[in-house]
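J.: First, the structure itself, so that you have it in front of you.
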Amino acid sequence: MASTELMLTMYRKMLLARRFEEKAGQAYGLKKIQGFCHLYIGQEAVVVGVNEALRETDWVMTGYRDHVHPLVRGADAGMLMAELYGRDTGYSKGKGGSMHFFDVEHGFYGGYGIVGAQIPLAAGMAFASKYRNEDRVTVCSFGDAASNQGALHETFNMAAKWKLPVLYIVENNKYGMGTDIARVSSVPDIHKRAPGWDMRGESVDGMDVLAVYEKVKELTAWIRAGNGPVLLEAYTYRFRGHSMSDAATYRTKEEVELEKQRDPIIKLRQQLMEEKLATEAQLEVIDEEEKIVVEKALAFADASPLPPDSDIWTHGLVEDGELDEKPRERVLGATDVKWPSFPTDFKVTWELEPMVPSSSASKKGVA
Ligand SMILES: Cc1ncc(C[n+]2csc(CCOP(=O)(O)OP(=O)(O)O)c2C)c(N)n1
Ligand SMILES: [Mg+2]
């Protein structure tokens, strides 16, 4: 059970995410942000519930709807906004932009524009952790439409075979751009496909932050115990269009209004008040505080310089032996940046190939 303090933290973080995205949407309208921009508004219970259940040392990856993933893990809001603005003070010097956020310090490994690209990459990350015998779970979220990518099948097959410590979260918001998932999937309840890979499949109400938190706590404990990967489906909904250029004509206003009644922030707010865990005034203060964080982030981005023209040819590749540049240290002069380090002389503790053939294979024999 989540404590009152944790519930209030989750409430705060969902509001931070919501206010950040609202302002990013406005800044886009003012052309301060250019290119693609996919807002996460409506889905906040997933990212917050998941991240509160994780450890700092766990790794997180997602697709292009990625702004609030590093934000709720503690990334600097101003530097994230500056990244959206394409400014030099952004996490990736403005060169990643909306779809390619990256924050190693907080275990956030992207931000991918290719639908489903993060799915095999996350298996590689989990493979590395297992190989090095590190107690770490990689969490990889993707959309309902991404679940029909072929690479998912290849990945799940090997992830299950090798019992990789990875939690896959499909954020089923019902649509892939303008296409209803049920129109293009013979099994639209995606978690039900998991047994086909001999994988554990579960689902959760993705509009209920406490339910997501409890479920991810349970599943990550199971994964840490060496049981292998899990596919968790979070049923959720995006309140805005697919991206900023989507007029969303493929769904009715009534449908959106109905879904907004399941708004995860309002739901938690009601629960906190009904159970007398917080007063309306206290919750208002939290909202005001998070609005100030976002206002400051906007001011920081507005005041930040663009990268110099001479930078256009740089930072494409990391040169051999080149030291990591720690973004918060570079931009804010922070001295408390945590950075992962990996042993180079690690002892391999894990057999890659199962030595005992599966029973069905041995029965059939090998020709
Ligand atoms: C390989 C690939 N195919 C197509 C696209 C274009 N595209 C971008 S987002 C998207 C829909 C993905 O929907 P879903 O996986 O449900 O995620 P959501 O946007 O709902 O979060 C498509 C088809 C792409 N970026 N990459
Ligand atoms: Mg979708």
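In the structure tokens, each chain is lettered A, B, ... as it comes, each chain's residues begin at 1, and ligands are numbered from 1 in order of appearance.
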Dump as CSV the rows for residues of chain A within 6 Å of ligand 2: closest atom pair and distance in Å with one decimal, only C-alpha atoms and all ligand atoms counted, ordered by chain and rising residue number.
T.:
residue,atom,partner,partner_atom_place_in_ligand_line,distance
A:Gly143,CA,ligand 2,1 (Mg),4.5
A:Asp144,CA,ligand 2,1 (Mg),4.6
A:Ala145,CA,ligand 2,1 (Mg),5.5
A:Asn172,CA,ligand 2,1 (Mg),5.5
A:Asn173,CA,ligand 2,1 (Mg),4.7
A:Lys174,CA,ligand 2,1 (Mg),5.4
A:Tyr175,CA,ligand 2,1 (Mg),4.1
A:Gly176,CA,ligand 2,1 (Mg),4.2
J.: Kindly provide, as a ChimeraX atom specification, all nucleotide and amino acid residues lying within 9 Å of ligand 1, counting only C-alpha atoms and all ligand atoms.
T.: /A:38-40,63-65,112-117,142-149,170-181,237-238,242-243
J.: List the spatial neighbours of stretch 54-60 of chain A as a ChimeraX atom specification - criterion: any atom at most 7 Å away, only C-alpha atoms, same-chain residues fewer than 2 positions off excluded.
T.: /A:50-52,62,106-109,136-140
J.: Quick check, in Å to one decimal: how far apart do atom CA of A:Phe36 and atom CA of A:Lys93 lie?
T.: 17.1 Å
J.: One number please: atom CA of A:Phe20 to atom CA of A:Tyr91, in Å, one decimal.
T.: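 Separating atom CA of A:Phe20 from atom CA of A:Tyr91 is a distance of 16.0 Å.
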J.: I want to know what sits within 10 Å of A:Leu272, based on only C-alpha atoms, with residues of the same chain fewer than 5 positions away left out; could you give that as an NGL selection string?
T.: :A and (4 or 7-8 or 11 or 266-267 or 277-280 or 283)
J.: Nearest residue to A:Phe300 out of A:His153, A:Arg19, A:Arg87, A:Lys161, using only C-alpha atoms?
T.: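 The shortest atom-to-atom distance to A:Phe300 comes from A:Arg87.
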J.: So what do you get for atom CA of A:Val72 versus atom CA of A:Gly42, distance-wise?
T.: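 Computing the Euclidean distance for atom CA of A:Val72 and atom CA of A:Gly42 yields 15.0 Å.
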J.: Got a sec: who's within 7 Å of A:Leu80, counting only C-alpha atoms, leaving out chain neighbours fewer than 4 positions off, as a list in words?
T.: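 Within the cut-off, the hits are Asp76, Leu84, Gly90 and Tyr91 of chain A.
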J.: Keeping N, CA and C atoms, export the residues of the selection given above as a short mmCIF file (atom, residue, chain, number, x, y, z; two decimals), in the first residue's frame.
T.:
data_model
loop_
_atom_site.label_atom_id
_atom_site.label_comp_id
_atom_site.auth_asym_id
_atom_site.auth_seq_id
_atom_site.Cartn_x
_atom_site.Cartn_y
_atom_site.Cartn_z
N ASP A 76 16.17 17.84 -14.83
CA ASP A 76 15.94 19.27 -14.67
C ASP A 76 14.91 19.76 -15.70
N LEU A 84 13.61 20.90 -25.86
CA LEU A 84 12.47 21.05 -26.78
C LEU A 84 12.62 22.30 -27.65
N GLY A 90 20.02 22.47 -23.53
CA GLY A 90 19.21 21.26 -23.42
C GLY A 90 20.09 20.06 -23.08
N TYR A 91 19.44 18.98 -22.67
CA TYR A 91 20.20 17.78 -22.27
C TYR A 91 21.13 17.29 -23.37
#
J.: Do a neighbour search on A:Ala17 at 8 Å with only C-alpha atoms, toss out local chain neighbours closer than 4 positions, and write the hits as a list of chain:residue names.
T.: A:Lys13, A:Glu21, A:Ile41, A:Glu44, A:Val68, A:Leu71, A:Val72
J.: Could the residues in this selection be saved with C-alpha atoms as a compact mmCIF listing (two decimals), in the first residue's frame?
T.:
# COMPACT_ATOMS: atom_id res chain seq x y z
CA LYS A 13 4.57 14.39 -10.22
CA GLU A 21 3.15 19.32 -21.33
CA ILE A 41 -1.45 14.37 -21.48
CA GLU A 44 0.46 10.43 -16.61
CA VAL A 68 7.81 13.38 -18.96
CA LEU A 71 11.02 14.63 -15.79
CA VAL A 72 9.38 12.34 -13.21
J.: Please provide the set of residues having any atom within 9 Å of A:Pro120, restricted to only C-alpha atoms, with same-chain residues fewer than 2 positions apart removed, written as a list in words.
T.: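 Near neighbours after the sequence-gap exclusion: Gly116, Ala117, Gln118, Ala122, Ala123, Gly124, Met125, Ala151, Leu152, Glu154, Thr155 and Phe156 of chain A.
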J.: As a list in words, please: all residues of stretch 195-269 of chain A that backbone DSSP puts in strand (DSSP E or B).
T.: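 Here are the strand (DSSP E or B) residues of stretch 195-269 of chain A: Arg200, Gly201, Glu202, Ser203, Val204, Asp205, Val230, Leu231, Leu232, Glu233, Ala234 and Tyr235 of chain A.
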J.: Save the residues we just selected, C-alpha atoms, as a JSON list (two decimals), in the first residue's frame?
T.:
[["chain", "number", "residue", "atom", "x", "y", "z"],
["A", 200, "ARG", "CA", 4.04, -13.61, -18.13],
["A", 201, "GLY", "CA", 1.36, -11.19, -19.38],
["A", 202, "GLU", "CA", -0.62, -8.86, -17.10],
["A", 203, "SER", "CA", -2.86, -5.84, -17.41],
["A", 204, "VAL", "CA", -3.66, -2.82, -15.27],
["A", 205, "ASP", "CA", -5.94, 0.22, -15.30],
["A", 230, "VAL", "CA", 6.96, -9.62, -18.25],
["A", 231, "LEU", "CA", 4.57, -7.87, -20.63],
["A", 232, "LEU", "CA", 2.31, -5.46, -18.76],
["A", 233, "GLU", "CA", -0.51, -3.76, -20.61],
["A", 234, "ALA", "CA", -1.67, -0.42, -19.19],
["A", 235, "TYR", "CA", -5.06, 0.61, -20.56]]
J.: Which residue out of A:Asp135, A:Asp208, A:Glu284, A:Glu83 has the minimum interatomic distance to A:Arg224 when only C-alpha atoms are used?
T.: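 Result for the nearest residue to A:Arg224: A:Asp135.
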J.: Taking into account only C-alpha atoms, which residue in the set A:Pro165, A:Pro343, A:Pro188, A:Gly25 is nearest to A:Met244?
T.: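 Closest to A:Met244 of all the choices is A:Gly25.
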J.: With DSSP run on the backbone, what are the helix (DSSP H, G or I) residues within stretch 64-310 of chain A? I'd like them as a PyMOL selection string.
T.: chain A and resi 68-72+77-84+98-100+104-106+118-131+145-148+150-161+181-184+190-197+209-227+253-260+264-274+280-303+309-310
J.: Which residue gives the smallest distance to A:Leu15 among A:Gly226, A:Met81, A:Glu290, A:Glu275, with only C-alpha atoms counted?
T.: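 Residue with the minimum atom-to-atom distance to A:Leu15: A:Glu290.
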J.: Closest to A:Thr344 among A:Thr252, A:Arg132, A:Asp320, A:Ala211, using only C-alpha atoms?
T.: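 Answer, going by the shortest atom-to-atom distance: A:Arg132.
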